[in-house]
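As structure tokens, the structure follows; a few thoughts come after it.
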Amino acid sequence: MKQLAFTLAHELAHYELQHTLNFISKNIESPETRKVMKAFARLKAGQINEKDILMTQAWVYAASSYRREEELAADSLGFLYFKIAISSRTMSELAKNT
Ligand SMILES: [Zn+2]
């Protein structure tokens with residue numbers, strides 16, 4: 001039960017920190033992302049070339065790094081939510097039954 005509570009707290013933190021909205025708005029509005037999407041479309045269509053591979057690879061690595069930072073932030077805020085929730089009587093009673 002504690003694992004479920006922490007997972008929910010982590011996901012709630014993602015929502016509160018607007019991670020998905022920030023990621024989408026950051027990437028949709030970016031001219032760099034439009035270039036990468038065109039490069040990716042060429043690769044997907046079989047027009048394989050080194051420049052497009054490197055551009056797509058760099059974008060994926062940068063996005064992954066950004067997502068890792070969000071995961072750490074969600075863990076931190078989620079842990080605070082978890083501690084608050086688990087200290088309430090209802091959550092304590094639920095935790096004892098697991
Ligand atoms: Zn997460």
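Ligands are numbered from 1 in the order shown, chains are lettered A, B, ... in the order of the structure tokens, and residues start at 1 in each chain.
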Query - Residues within 10 Å of region 75-90 of chain A, only C-alpha atoms, excluding chain neighbours under 4 positions, as a count of residues only - result: 19
Report task. Fewer than 3 positions away in the same chain doesn't count, so skip those; otherwise give me all residues within 7 Å of Phe40 (chain A), counting only C-alpha atoms, as a list in words. Result ->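 Counting only C-alpha atoms, the residues come to Val36, Met37, Leu43, Lys44, Asp52 and Thr56 of chain A.
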Report task. Would you mind reading off the distance between CA of Tyr61 (chain A) and CA of Ile48 (chain A), one decimal, in Å? Result ->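 CA of Ile48 (chain A) lies at a distance of 19.3 Å from CA of Tyr61 (chain A).
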Query - Pairwise distance for CA of Ala41 (chain A) and CA of Ala62 (chain A), rounded to one decimal in Å - result: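 These atoms are spaced 18.9 Å apart.
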Query raised in the report: CA of Ile24 (chain A) and CA of Ala73 (chain A) are how many Å apart?
Result: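 Atom-to-atom, CA of Ile24 (chain A) to CA of Ala73 (chain A), that is 17.6 Å.
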Report task. Give the answer as one residue: which of A:Ala45, A:Gln18, A:Ala74, A:Trp59 has the shortest atom-to-atom distance to Ser30 (chain A), using only C-alpha atoms? Result ->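 Of A:Ala45, A:Gln18, A:Ala74, A:Trp59, the one nearest Ser30 (chain A) is A:Trp59, counting only C-alpha atoms.
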Report task. Find, counting only C-alpha atoms and all ligand atoms, the residue in A:Asn49, A:Leu72, A:Arg42, A:Asn22 that gets nearest to ligand 1. Result ->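 Residue with the minimum atom-to-atom distance to ligand 1: A:Leu72.
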Report summary line: Among A:Lys96, A:Arg68, A:Ala63, A:Ser25, ligand 1 is approached most closely, using only C-alpha atoms and all ligand atoms, by A:Arg68
**Report entry** Pick from A:Met55, A:Met1, A:Thr20, A:Gly46, whichever lies nearest to ligand 1 using only C-alpha atoms and all ligand atoms
**Finding:** A:Thr20
